[in-house]
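Student: This one is upload-v2.pdb, PDB, C-alpha atoms, pLDDT in the B column.
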ATOM      1  CA  MET B   1      -4.023  15.689  47.390  1.00 64.00           C
ATOM      2  CA  THR B   2      -4.510  16.634  43.757  1.00 68.00           C
ATOM      3  CA  VAL B   3      -1.736  18.268  41.769  1.00 62.00           C
ATOM      4  CA  SER B   4      -2.266  19.813  38.372  1.00 65.00           C
ATOM      5  CA  GLN B   5      -0.013  21.655  35.997  1.00 64.00           C
ATOM      6  CA  ASP B   6      -0.529  23.239  32.612  1.00 68.00           C
ATOM      7  CA  ILE B   7       1.698  21.672  29.989  1.00 65.00           C
ATOM      8  CA  SER B   8       2.488  23.236  26.655  1.00 70.00           C
ATOM      9  CA  SER B   9       1.201  21.325  23.640  1.00 71.00           C
ATOM     10  CA  SER B  10       4.750  21.391  22.211  1.00 72.00           C
ATOM     11  CA  ILE B  11       6.120  19.209  25.041  1.00 72.00           C
ATOM     12  CA  ASP B  12       6.096  15.415  24.909  1.00 79.00           C
ATOM     13  CA  ILE B  13       7.489  12.611  27.038  1.00 81.00           C
ATOM     14  CA  THR B  14      10.778  12.503  25.148  1.00 83.00           C
ATOM     15  CA  ASN B  15      11.619  15.947  26.521  1.00 87.00           C
ATOM     16  CA  ALA B  16      11.854  14.418  29.992  1.00 88.00           C
ATOM     17  CA  VAL B  17      14.031  11.548  28.749  1.00 91.00           C
ATOM     18  CA  PHE B  18      16.605  13.859  27.181  1.00 93.00           C
ATOM     19  CA  ASP B  19      16.442  16.434  30.001  1.00 92.00           C
ATOM     20  CA  HIS B  20      17.295  13.709  32.526  1.00 90.00           C
ATOM     21  CA  ALA B  21      20.097  12.389  30.317  1.00 95.00           C
ATOM     22  CA  ALA B  22      21.601  15.886  30.102  1.00 96.00           C
ATOM     23  CA  THR B  23      21.274  16.820  33.781  1.00 95.00           C
ATOM     24  CA  THR B  24      21.603  13.472  35.606  1.00 95.00           C
ATOM     25  CA  PRO B  25      23.086  10.964  33.147  1.00 97.00           C
ATOM     26  CA  ASP B  26      24.133   8.443  35.833  1.00 97.00           C
ATOM     27  CA  HIS B  27      20.795   8.434  37.653  1.00 96.00           C
ATOM     28  CA  VAL B  28      19.112   5.017  37.543  1.00 96.00           C
ATOM     29  CA  VAL B  29      15.641   5.556  36.075  1.00 94.00           C
ATOM     30  CA  PHE B  30      14.516   1.933  36.045  1.00 95.00           C
ATOM     31  CA  GLN B  31      15.715  -1.668  36.044  1.00 96.00           C
ATOM     32  CA  ARG B  32      15.128  -4.358  33.456  1.00 95.00           C
ATOM     33  CA  PRO B  33      15.609  -8.116  33.491  1.00 96.00           C
ATOM     34  CA  THR B  34      18.344  -9.603  31.332  1.00 92.00           C
ATOM     35  CA  LEU B  35      19.142 -13.318  31.460  1.00 94.00           C
ATOM     36  CA  GLY B  36      17.310 -13.710  34.776  1.00 94.00           C
ATOM     37  CA  GLU B  37      19.026 -10.793  36.547  1.00 96.00           C
ATOM     38  CA  TRP B  38      17.870  -7.214  37.076  1.00 97.00           C
ATOM     39  CA  HIS B  39      20.127  -4.508  35.649  1.00 97.00           C
ATOM     40  CA  ASP B  40      20.077  -0.762  36.232  1.00 97.00           C
ATOM     41  CA  VAL B  41      19.274   1.520  33.301  1.00 97.00           C
ATOM     42  CA  THR B  42      20.647   5.048  33.668  1.00 97.00           C
ATOM     43  CA  ALA B  43      19.114   8.187  32.213  1.00 96.00           C
ATOM     44  CA  ALA B  44      21.892   8.366  29.595  1.00 97.00           C
ATOM     45  CA  GLU B  45      21.423   4.741  28.550  1.00 96.00           C
ATOM     46  CA  PHE B  46      17.653   5.168  28.311  1.00 95.00           C
ATOM     47  CA  ALA B  47      18.125   8.205  26.048  1.00 94.00           C
ATOM     48  CA  ARG B  48      20.346   6.093  23.774  1.00 94.00           C
ATOM     49  CA  ILE B  49      17.673   3.379  23.695  1.00 92.00           C
ATOM     50  CA  VAL B  50      14.998   5.920  22.782  1.00 91.00           C
ATOM     51  CA  CYS B  51      17.191   7.274  19.968  1.00 89.00           C
ATOM     52  CA  ARG B  52      17.760   3.760  18.552  1.00 88.00           C
ATOM     53  CA  CYS B  53      14.011   3.061  18.593  1.00 82.00           C
ATOM     54  CA  GLY B  54      13.313   6.228  16.669  1.00 67.00           C
ATOM     55  CA  SER B  55      15.697   5.487  13.835  1.00 63.00           C
TER      56      SER B  55
END
Could you spell out this file's structure in structure tokens?
Tutor:
Amino acid sequence: MTVSQDISSSIDITNAVFDHAATTPDHVVFQRPTLGEWHDVTAAEFARIVCRCGS
């Protein structure tokens, strides 16, 4: 099955990051390894990480 959708040229991937942080801040979006153990990263935490990288 192929799915396609028109996307406005004013939208970028960071929109999704901040939308998820606003609507589902506690949702685990991925895991990352730290000191040999996997840790959950929530939508809110990922948005904070993105903001730190941009400054």
Student: Would you mind reading off the distance between CA of Asp19 (chain B) and CA of Asp40 (chain B), one decimal, in Å?
Tutor: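 We find that CA of Asp19 (chain B) and CA of Asp40 (chain B) lie 18.6 Å from each other.
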Student: Record the distance separating CA of Val41 (chain B) and CA of Ser8 (chain B), expressed in Å with one decimal.
Tutor: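 Distance reported for this atom pair: 28.2 Å.
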Student: Take the PyMOL selection byres ((chain B and resi 27) around 6), run it mentally on this structure, and tell me the resulting residues as a PyMOL selection string.
Tutor: chain B and resi 24-26+28+42-43
Student: Let me have the centre and edge lengths in Å, one decimal, of the box along x, y and z around every listed atom of region 41-46 of chain B with 6 Å of margin on each side, as lines of an AutoDock Vina configuration file.
Tutor:
center_x = 19.8
center_y = 4.9
center_z = 31.0
size_x = 16.2
size_y = 18.8
size_z = 17.4
Student: If I take CA of Ala21 (chain B) and CA of Arg48 (chain B), how far is one from the other in Å, to one decimal?
Tutor: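 Between these atoms lies a distance of 9.1 Å.
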Student: Skipping near chain neighbours, those fewer than 5 positions away, what residues fall within 10 Å of Val17 (chain B) using only C-alpha atoms, listed as a ChimeraX atom specification?
Tutor: /B:12,22,29,43-44,46-48,50
Student: Measuring between only C-alpha atoms, which one of B:Phe18, B:Cys53, B:Ser9, B:Glu45 shows the shortest distance to Gln31 (chain B)?
Tutor: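 Distance minimum relative to Gln31 (chain B) lands on B:Glu45.
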